[in-house]
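Comments concern the structure below.
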Amino acid sequence: MAKYVFITGGVVSSLGKGITAGSVGTLLKKRGLKVSILKVDPYLNVDAGTMNPFQHGEVFVTDDGAETDLDLGHYERFIDETLGEQNSITTGKIYSSVIAKERRGDYLGGTVQVIPHITNDIQERMVRAGEGLDVLIVEIGGTVGDIEGQPFLEAIRQMANRVGRENVVYCHVTLVPWLEAAKELKTKPTQHSVQELRRIGILPNILVCRTSHPMDQDMKNKIALFCTVPSEAVIEVRDETTIYNVPISLHRQGLDDLILRYLGLPHDAEPDLSDWRRVVDRYVNPPESVEIALVGKYVQHKDAYLSVVEALHHAGIHHNVRIEVRSVESEDLETGDPAELLRSADGILIPGGFGARGVEGMIRAARYARERQVPILGICLGMQMMAVEYARNVCGLHGAHSKEMDPATLHPVIHLMQEQEHLDTMGGTMRLGAYPCDIEEGTQAARAYGTLHITERHRHRYEFNNAYRERLEQAGLKVSGVCRERDLVEIIELPGHPWFVGGQFHGELKSRPVRPHPLFAGFIGATLARQRAL
Ligand code: GLN
């Protein structure tokens with residue numbers, strides 16, 4: 001049976017609970033344990049698939065096609081395990097399954113209530129997600145005291161009874177703010193937030209304190225005294241130059257040791273964190289840097305392209321070069337001069353996106369990159385717009401064009417296929433999750449991947465229209481990757497160009513700090529070569 005580490009948050013949101021959960025996962029995995037992480041989101045959306053990136057940041061997609069919170073991306077990058085549908089639960093998911101059971105009559109006429117029916121459903125999912133593991137880490141989204149989080153907190157309180165108190169650890173992530181006027185750190189918000197937890201019957205074992213200034217031992221003792229934890233269980237997390245330093249810093253303070261002792265697990269062997277140290281070292285002290293223009297339509301939201309930005313950094317770590325990401329609002333390229341806006345970029349990345357706004361700007365960025373021999377990587381919508389650019393400006397094929405229309409109708413080279421007739425409310429079924437792709441030998445993609453058979457994750461409705469494939473290939477574009485079983489174009493590239501590669505999939509989702517995604521690594525390699533040649 002799995003043991004559980006529950007991670008809650010207090011005082012304010014955005015304290016980096018996801019990074020904490022991921023870091024704890026890393027440390028426990030490095031101790032040889034089989035771990036996974038479950039994210040609980042107390043909102044009513046059944047999944048993150050329908051959420052706007054402007055509000056919620058990126059939607060992370062797993063191999064099995066679940067559209068999840070971006071924290072699952074952190075988890076995968078930190079623990080390097082493939083997660084799926086069962087690693088993400090929301091209030092919406094729980095209620096819809098309980099209500100479906102109620103409609104089927106499964107409750108035999110009983111009154112269906114939050115406690116026990118909702119809380120039991122939550123616990124059963126936690127138990128299922130823990131099957132086959134040594135430790136399941138569960139992160140509860142939101143902040144203690146939120147109305148919508150209460151059933152989940154009640155469920156994790158009951159979990160101690162279900163699996164035994166000695167098999168669970170409660171770790172509370174809280175804020176210790178610095179008051180500039182008083183020039184001191186304040187513990188009161190932490191005390192209140194722990195009181196709130198205690199009020200509902202949860203006694204935290206560990207406090208992870210986010211703070212901007214170092215906490216001295218007195219401060220830790222004070223928090224320990226008021227919050228009833230040993231002072232060694234008061235852990236400090238200051239802002240780091242890179243999130244990848246968090247596991248190292250938590251280990252230095254003995255967090256993994258503490259968790260293992262609470263859970264009665266062996267804790268004598270030191271974890272080998274050398275690969276993380278190398279990642280941090282290369283992230284912090286690279287000798288060179290390149291500027292990447294990220295030409296997107298959600299650039300105002302800092303998390304909308306989270307995995308893309310991380311994947312760029314992983315590639316930078318691999319090549320030992322700092323990546324300066326410069327966001328360019330794609331709409332600005334529609335009115336402004338691309339040469340002006342993109343001149344300083346060593347490489348251009350066009351990420352995914354939905355809807356027609358800003359796509360003309362992406363097309364102009366693709367043209368600029370193609371004509372000026374600037375390395376460019378297109379992801380999903382980005383790849384589609386590279387294809388449209390080529391069809392229009394090289395092949396002279398002009399499709400319908402209206403700003404009111406969907407991006408696909410900008411040009412028929414990208415279309416909805418006939419078998420997508422099961423239209424959902426948003427205009428077509430989506431291709432979601434992992435699909436195999438075969439790569440053609442001798443291509444840039446083949447060199448980057450070093451293998452001819454890959455799988456990548458998808459999240460899109462439109463596809464490259466095979467009716468145009470020959471025309472575009474005759475004009476010099478190369479289709480270097482296809483999904484054979486469904487005869488779909490997955491990778492396009494331009495032979496002779498330093499790096500003009502587009503993928504229909506989201507490669508960024510599979511990139512890891514120690515294992516960059518091949519197309520990102522190839523792209524950054526090309527930008528570096530270009531910069532050195534200038
Ligand atoms: N909007 C495009 C489509 O649905 C691209 C989606 C994406 O970039 N994820 O095909």
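Quick note on naming: the chains in the structure tokens go A, B, ... in the order shown, residues restart at 1 in each chain, and ligands are numbered from 1 in order of appearance.
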Within 9 Å of ligand 1, counting only C-alpha atoms and all ligand atoms, which protein or nucleic acid residues do you find, written as a PDB file with N, CA and C atoms, in the first residue's frame?
ATOM      1  N   PRO A 351       4.524  29.143 -31.098  1.00  0.00           N
ATOM      2  CA  PRO A 351       3.892  28.077 -30.317  1.00  0.00           C
ATOM      3  C   PRO A 351       2.459  27.798 -30.764  1.00  0.00           C
ATOM      4  N   GLY A 352       1.780  26.937 -30.028  1.00  0.00           N
ATOM      5  CA  GLY A 352       0.396  26.582 -30.330  1.00  0.00           C
ATOM      6  C   GLY A 352      -0.567  27.681 -29.944  1.00  0.00           C
ATOM      7  N   GLY A 353      -1.813  27.487 -30.332  1.00  0.00           N
ATOM      8  CA  GLY A 353      -2.829  28.467 -29.986  1.00  0.00           C
ATOM      9  C   GLY A 353      -4.129  28.138 -30.693  1.00  0.00           C
ATOM     10  N   PHE A 354      -5.173  28.828 -30.281  1.00  0.00           N
ATOM     11  CA  PHE A 354      -6.494  28.567 -30.847  1.00  0.00           C
ATOM     12  C   PHE A 354      -7.134  29.862 -31.314  1.00  0.00           C
ATOM     13  N   GLY A 355      -7.862  29.804 -32.421  1.00  0.00           N
ATOM     14  CA  GLY A 355      -8.590  30.968 -32.910  1.00  0.00           C
ATOM     15  C   GLY A 355      -7.775  31.790 -33.883  1.00  0.00           C
ATOM     16  N   ALA A 356      -8.474  32.704 -34.582  1.00  0.00           N
ATOM     17  CA  ALA A 356      -7.865  33.410 -35.713  1.00  0.00           C
ATOM     18  C   ALA A 356      -6.993  34.601 -35.298  1.00  0.00           C
ATOM     19  N   ILE A 379       5.271  25.066 -33.526  1.00  0.00           N
ATOM     20  CA  ILE A 379       4.617  24.034 -32.736  1.00  0.00           C
ATOM     21  C   ILE A 379       3.118  24.107 -32.969  1.00  0.00           C
ATOM     22  N   CYS A 380       2.563  23.029 -33.464  1.00  0.00           N
ATOM     23  CA  CYS A 380       1.122  22.902 -33.653  1.00  0.00           C
ATOM     24  C   CYS A 380       0.588  24.050 -34.515  1.00  0.00           C
ATOM     25  N   LEU A 381      -0.101  25.025 -33.935  1.00  0.00           N
ATOM     26  CA  LEU A 381      -0.552  26.164 -34.733  1.00  0.00           C
ATOM     27  C   LEU A 381       0.632  26.805 -35.464  1.00  0.00           C
ATOM     28  N   GLY A 382       1.782  26.840 -34.814  1.00  0.00           N
ATOM     29  CA  GLY A 382       2.983  27.414 -35.427  1.00  0.00           C
ATOM     30  C   GLY A 382       3.368  26.663 -36.690  1.00  0.00           C
ATOM     31  N   MET A 383       3.353  25.332 -36.615  1.00  0.00           N
ATOM     32  CA  MET A 383       3.662  24.515 -37.791  1.00  0.00           C
ATOM     33  C   MET A 383       2.621  24.755 -38.889  1.00  0.00           C
ATOM     34  N   GLN A 384       1.351  24.859 -38.473  1.00  0.00           N
ATOM     35  CA  GLN A 384       0.288  25.065 -39.456  1.00  0.00           C
ATOM     36  C   GLN A 384       0.483  26.387 -40.197  1.00  0.00           C
ATOM     37  N   ASP A 406     -11.890  30.928 -38.870  1.00  0.00           N
ATOM     38  CA  ASP A 406     -10.960  30.143 -38.094  1.00  0.00           C
ATOM     39  C   ASP A 406      -9.613  30.086 -38.810  1.00  0.00           C
ATOM     40  N   PRO A 407      -8.510  29.858 -38.063  1.00  0.00           N
ATOM     41  CA  PRO A 407      -7.210  29.852 -38.741  1.00  0.00           C
ATOM     42  C   PRO A 407      -7.166  28.855 -39.883  1.00  0.00           C
ATOM     43  N   ALA A 408      -7.867  27.745 -39.739  1.00  0.00           N
ATOM     44  CA  ALA A 408      -7.808  26.720 -40.770  1.00  0.00           C
ATOM     45  C   ALA A 408      -8.283  27.268 -42.101  1.00  0.00           C
ATOM     46  N   ILE A 414      -4.483  23.744 -44.403  1.00  0.00           N
ATOM     47  CA  ILE A 414      -4.766  23.233 -43.060  1.00  0.00           C
ATOM     48  C   ILE A 414      -6.283  23.114 -42.952  1.00  0.00           C
ATOM     49  N   HIS A 415      -6.766  21.929 -42.635  1.00  0.00           N
ATOM     50  CA  HIS A 415      -8.226  21.738 -42.706  1.00  0.00           C
ATOM     51  C   HIS A 415      -8.741  20.798 -41.613  1.00  0.00           C
ATOM     52  N   LEU A 416     -10.052  20.753 -41.521  1.00  0.00           N
ATOM     53  CA  LEU A 416     -10.703  19.744 -40.683  1.00  0.00           C
ATOM     54  C   LEU A 416     -10.973  18.553 -41.586  1.00  0.00           C
ATOM     55  N   GLY A 428     -15.214  20.659 -33.809  1.00  0.00           N
ATOM     56  CA  GLY A 428     -14.530  19.498 -34.375  1.00  0.00           C
ATOM     57  C   GLY A 428     -13.863  18.694 -33.288  1.00  0.00           C
ATOM     58  N   MET A 430     -11.030  16.766 -31.290  1.00  0.00           N
ATOM     59  CA  MET A 430      -9.605  17.074 -31.147  1.00  0.00           C
ATOM     60  C   MET A 430      -8.785  15.805 -31.212  1.00  0.00           C
ATOM     61  N   ARG A 431      -7.576  15.937 -31.748  1.00  0.00           N
ATOM     62  CA  ARG A 431      -6.615  14.842 -31.631  1.00  0.00           C
ATOM     63  C   ARG A 431      -5.832  15.114 -30.348  1.00  0.00           C
ATOM     64  N   HIS A 458      -0.344  15.327 -28.818  1.00  0.00           N
ATOM     65  CA  HIS A 458      -1.121  16.245 -29.663  1.00  0.00           C
ATOM     66  C   HIS A 458      -2.270  16.896 -28.905  1.00  0.00           C
ATOM     67  N   ARG A 459      -2.658  18.069 -29.411  1.00  0.00           N
ATOM     68  CA  ARG A 459      -3.888  18.725 -28.931  1.00  0.00           C
ATOM     69  C   ARG A 459      -4.317  19.750 -29.981  1.00  0.00           C
ATOM     70  N   HIS A 460      -5.038  19.285 -30.959  1.00  0.00           N
ATOM     71  CA  HIS A 460      -5.475  20.181 -32.030  1.00  0.00           C
ATOM     72  C   HIS A 460      -6.630  19.553 -32.797  1.00  0.00           C
ATOM     73  N   ARG A 461      -7.330  20.401 -33.545  1.00  0.00           N
ATOM     74  CA  ARG A 461      -8.431  19.920 -34.386  1.00  0.00           C
ATOM     75  C   ARG A 461      -7.994  19.789 -35.834  1.00  0.00           C
ATOM     76  N   TYR A 462      -7.236  20.780 -36.295  1.00  0.00           N
ATOM     77  CA  TYR A 462      -6.932  20.840 -37.724  1.00  0.00           C
ATOM     78  C   TYR A 462      -5.714  19.993 -38.052  1.00  0.00           C
ATOM     79  N   GLU A 463      -5.663  19.609 -39.337  1.00  0.00           N
ATOM     80  CA  GLU A 463      -4.546  18.796 -39.822  1.00  0.00           C
ATOM     81  C   GLU A 463      -4.029  19.383 -41.126  1.00  0.00           C
ATOM     82  N   GLN A 504       3.443  19.099 -35.818  1.00  0.00           N
ATOM     83  CA  GLN A 504       2.011  19.208 -35.521  1.00  0.00           C
ATOM     84  C   GLN A 504       1.713  18.935 -34.036  1.00  0.00           C
ATOM     85  N   PHE A 505       2.711  18.427 -33.340  1.00  0.00           N
ATOM     86  CA  PHE A 505       2.527  18.014 -31.939  1.00  0.00           C
ATOM     87  C   PHE A 505       3.170  19.026 -30.992  1.00  0.00           C
ATOM     88  N   HIS A 506       2.999  18.769 -29.708  1.00  0.00           N
ATOM     89  CA  HIS A 506       3.599  19.654 -28.693  1.00  0.00           C
ATOM     90  C   HIS A 506       4.814  18.962 -28.069  1.00  0.00           C
TER      91      HIS A 506
END
| said: With DSSP run on the backbone, what are the alpha helix (DSSP H) residues within segment 238-394 of chain A? I'd like them as a ChimeraX atom specification. | reply: /A:246-252,255-262,274-284,306-319,332-335,338-342,359-372,381-393
Using only C-alpha atoms, please write the residues we just selected to a file, as a compact mmCIF listing (two decimals), in the first residue's frame.
# COMPACT_ATOMS: atom_id res chain seq x y z
CA VAL A 246 14.54 23.75 -5.21
CA PRO A 247 15.12 19.99 -4.75
CA ILE A 248 18.76 20.68 -3.87
CA SER A 249 17.82 23.37 -1.38
CA LEU A 250 15.09 21.24 0.23
CA HIS A 251 17.49 18.33 0.55
CA ARG A 252 20.11 20.55 2.17
CA LEU A 255 13.17 17.72 4.04
CA ASP A 256 13.42 14.30 2.37
CA ASP A 257 14.96 12.79 5.49
CA LEU A 258 12.16 14.16 7.61
CA ILE A 259 9.42 12.83 5.32
CA LEU A 260 11.02 9.38 5.23
CA ARG A 261 11.32 9.31 9.02
CA TYR A 262 7.67 10.32 9.44
CA SER A 274 24.52 15.19 -9.34
CA ASP A 275 22.38 15.52 -12.48
CA TRP A 276 20.30 18.26 -10.82
CA ARG A 277 23.45 20.04 -9.70
CA ARG A 278 24.73 19.94 -13.26
CA VAL A 279 21.41 21.31 -14.57
CA VAL A 280 21.52 24.20 -12.10
CA ASP A 281 25.15 24.94 -12.78
CA ARG A 282 24.63 25.10 -16.52
CA TYR A 283 21.48 27.15 -16.09
CA VAL A 284 23.17 29.71 -13.87
CA LEU A 306 5.20 27.48 -19.58
CA SER A 307 6.30 24.14 -21.03
CA VAL A 308 7.59 25.81 -24.20
CA VAL A 309 9.76 28.16 -22.17
CA GLU A 310 10.97 25.30 -19.97
CA ALA A 311 11.79 23.21 -23.04
CA LEU A 312 13.85 26.12 -24.42
CA HIS A 313 15.77 26.27 -21.15
CA HIS A 314 16.35 22.50 -21.22
CA ALA A 315 17.82 22.85 -24.69
CA GLY A 316 19.91 25.78 -23.41
CA ILE A 317 21.19 23.65 -20.54
CA HIS A 318 22.10 20.94 -23.06
CA HIS A 319 24.08 23.38 -25.24
CA ASP A 332 1.95 43.39 -33.35
CA LEU A 333 3.58 41.75 -36.36
CA GLU A 334 0.43 42.39 -38.37
CA THR A 335 0.81 46.15 -38.16
CA PRO A 338 8.64 42.04 -38.84
CA ALA A 339 12.23 42.97 -39.69
CA GLU A 340 12.08 45.62 -36.98
CA LEU A 341 10.42 43.43 -34.35
CA LEU A 342 12.45 40.31 -35.02
CA VAL A 359 -2.26 34.23 -36.97
CA GLU A 360 -1.38 36.66 -39.79
CA GLY A 361 1.46 37.88 -37.57
CA MET A 362 2.68 34.31 -37.15
CA ILE A 363 2.63 33.87 -40.92
CA ARG A 364 4.71 37.02 -41.32
CA ALA A 365 7.19 35.79 -38.72
CA ALA A 366 7.48 32.47 -40.60
CA ARG A 367 8.14 34.31 -43.85
CA TYR A 368 10.76 36.48 -42.23
CA ALA A 369 12.52 33.40 -40.81
CA ARG A 370 12.38 31.55 -44.11
CA GLU A 371 13.65 34.43 -46.22
CA ARG A 372 16.33 35.60 -43.76
CA LEU A 381 -0.55 26.16 -34.73
CA GLY A 382 2.98 27.41 -35.43
CA MET A 383 3.66 24.51 -37.79
CA GLN A 384 0.29 25.06 -39.46
CA MET A 385 1.06 28.72 -40.08
CA MET A 386 4.49 27.80 -41.50
CA ALA A 387 2.66 25.56 -43.98
CA VAL A 388 0.19 28.32 -44.86
CA GLU A 389 3.08 30.74 -45.36
CA TYR A 390 4.79 28.34 -47.72
CA ALA A 391 1.61 27.60 -49.66
CA ARG A 392 0.89 31.28 -50.10
CA ASN A 393 4.25 32.88 -50.63
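Residues with any atom within 9 Å of segment 472-484 of chain A, counting only C-alpha atoms and excluding same-chain neighbours fewer than 5 positions away, are A:Ala387, A:Tyr390, A:Ala391, A:Val394, A:Cys395, A:Tyr435, A:Pro436, A:Cys437, A:Asp438, A:Ile439, A:Glu440, A:Glu441, A:Thr443, A:Gln444, A:Ala445, A:Ala446, A:Leu452, A:Val489, A:Glu490, A:Ile491, A:Ile492, A:Glu493, A:Leu494, A:Pro495, A:Gly503.
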| message | Set the distance at 12 Å and use only C-alpha atoms: which residues neighbour Thr91 of chain A once local chain neighbours fewer than 6 positions away are removed? I'd like the list as a PyMOL selection string. | response | chain A and resi 39-48+97-99+114+118-119+121-122+140-141+147-152
| task | Excluding Lys101 of chain A and any residue of its chain fewer than 4 positions from it, enumerate the residues within 12 Å of it, using only C-alpha atoms, and give them as JSON, numbers by chain. | result | {"A": [94, 95, 96, 97, 105, 106, 107, 108, 109, 110, 112, 117, 118, 121]}
Contact check, segment 336-452 of chain A to segment 515-526 of chain A, at most 9 Å, counting only C-alpha atoms, closest pairs as a Markdown table:
| residue | atom | partner | partner_atom | distance |
| --- | --- | --- | --- | --- |
| A:Gly347 | CA | A:Ile524 | CA | 7.7 |
| A:Val374 | CA | A:Ala526 | CA | 8.9 |
| A:Pro375 | CA | A:Ala526 | CA | 6.3 |
| A:Ile376 | CA | A:Phe523 | CA | 7.1 |
| A:Leu377 | CA | A:Phe523 | CA | 6.6 |
| A:Gln444 | CA | A:Gly522 | CA | 8.4 |
| A:Ala445 | CA | A:Leu519 | CA | 7.2 |
| A:Arg447 | CA | A:Gly522 | CA | 8.5 |
| A:Ala448 | CA | A:Pro518 | CA | 5.3 |
| A:Tyr449 | CA | A:Pro518 | CA | 5.2 |
| A:Gly450 | CA | A:Pro518 | CA | 8.4 |
List as an mmCIF file with C-alpha atoms, in the first residue's frame the protein and nucleic acid residues near Thr8 of chain A, meaning an atom at most 10 Å away when only C-alpha atoms are counted, but skip any in the same chain fewer than 2 places from it.
data_model
loop_
_atom_site.group_PDB
_atom_site.id
_atom_site.type_symbol
_atom_site.label_atom_id
_atom_site.label_comp_id
_atom_site.auth_asym_id
_atom_site.auth_seq_id
_atom_site.Cartn_x
_atom_site.Cartn_y
_atom_site.Cartn_z
ATOM 1 C CA VAL A 5 2.395 13.133 1.359
ATOM 2 C CA PHE A 6 -0.346 15.777 1.310
ATOM 3 C CA GLY A 10 -1.846 28.802 3.054
ATOM 4 C CA LYS A 17 3.167 24.288 -4.239
ATOM 5 C CA ALA A 21 5.414 18.755 -4.803
ATOM 6 C CA VAL A 138 -1.081 14.807 -3.386
ATOM 7 C CA GLU A 139 -1.160 18.535 -3.995
ATOM 8 C CA ILE A 140 -4.359 20.328 -3.033
ATOM 9 C CA GLY A 141 -4.829 23.378 -5.255
ATOM 10 C CA GLY A 142 -5.999 26.688 -3.828
ATOM 11 C CA THR A 143 -5.513 27.989 -0.309
ATOM 12 C CA VAL A 144 -6.671 26.610 3.027
ATOM 13 C CA LEU A 153 -9.269 18.845 2.963
ATOM 14 C CA TYR A 170 0.881 16.734 5.932
ATOM 15 C CA CYS A 171 3.110 19.392 4.475
ATOM 16 C CA HIS A 172 1.816 22.960 4.479
ATOM 17 C CA VAL A 173 3.321 25.562 2.146
ATOM 18 C CA THR A 174 2.937 29.025 3.581
ATOM 19 C CA LEU A 197 -5.892 23.700 9.143
ATOM 20 C CA PRO A 204 0.620 19.716 9.662
ATOM 21 C CA LEU A 207 5.892 23.799 7.130
ATOM 22 C CA VAL A 208 7.510 24.944 3.918
#
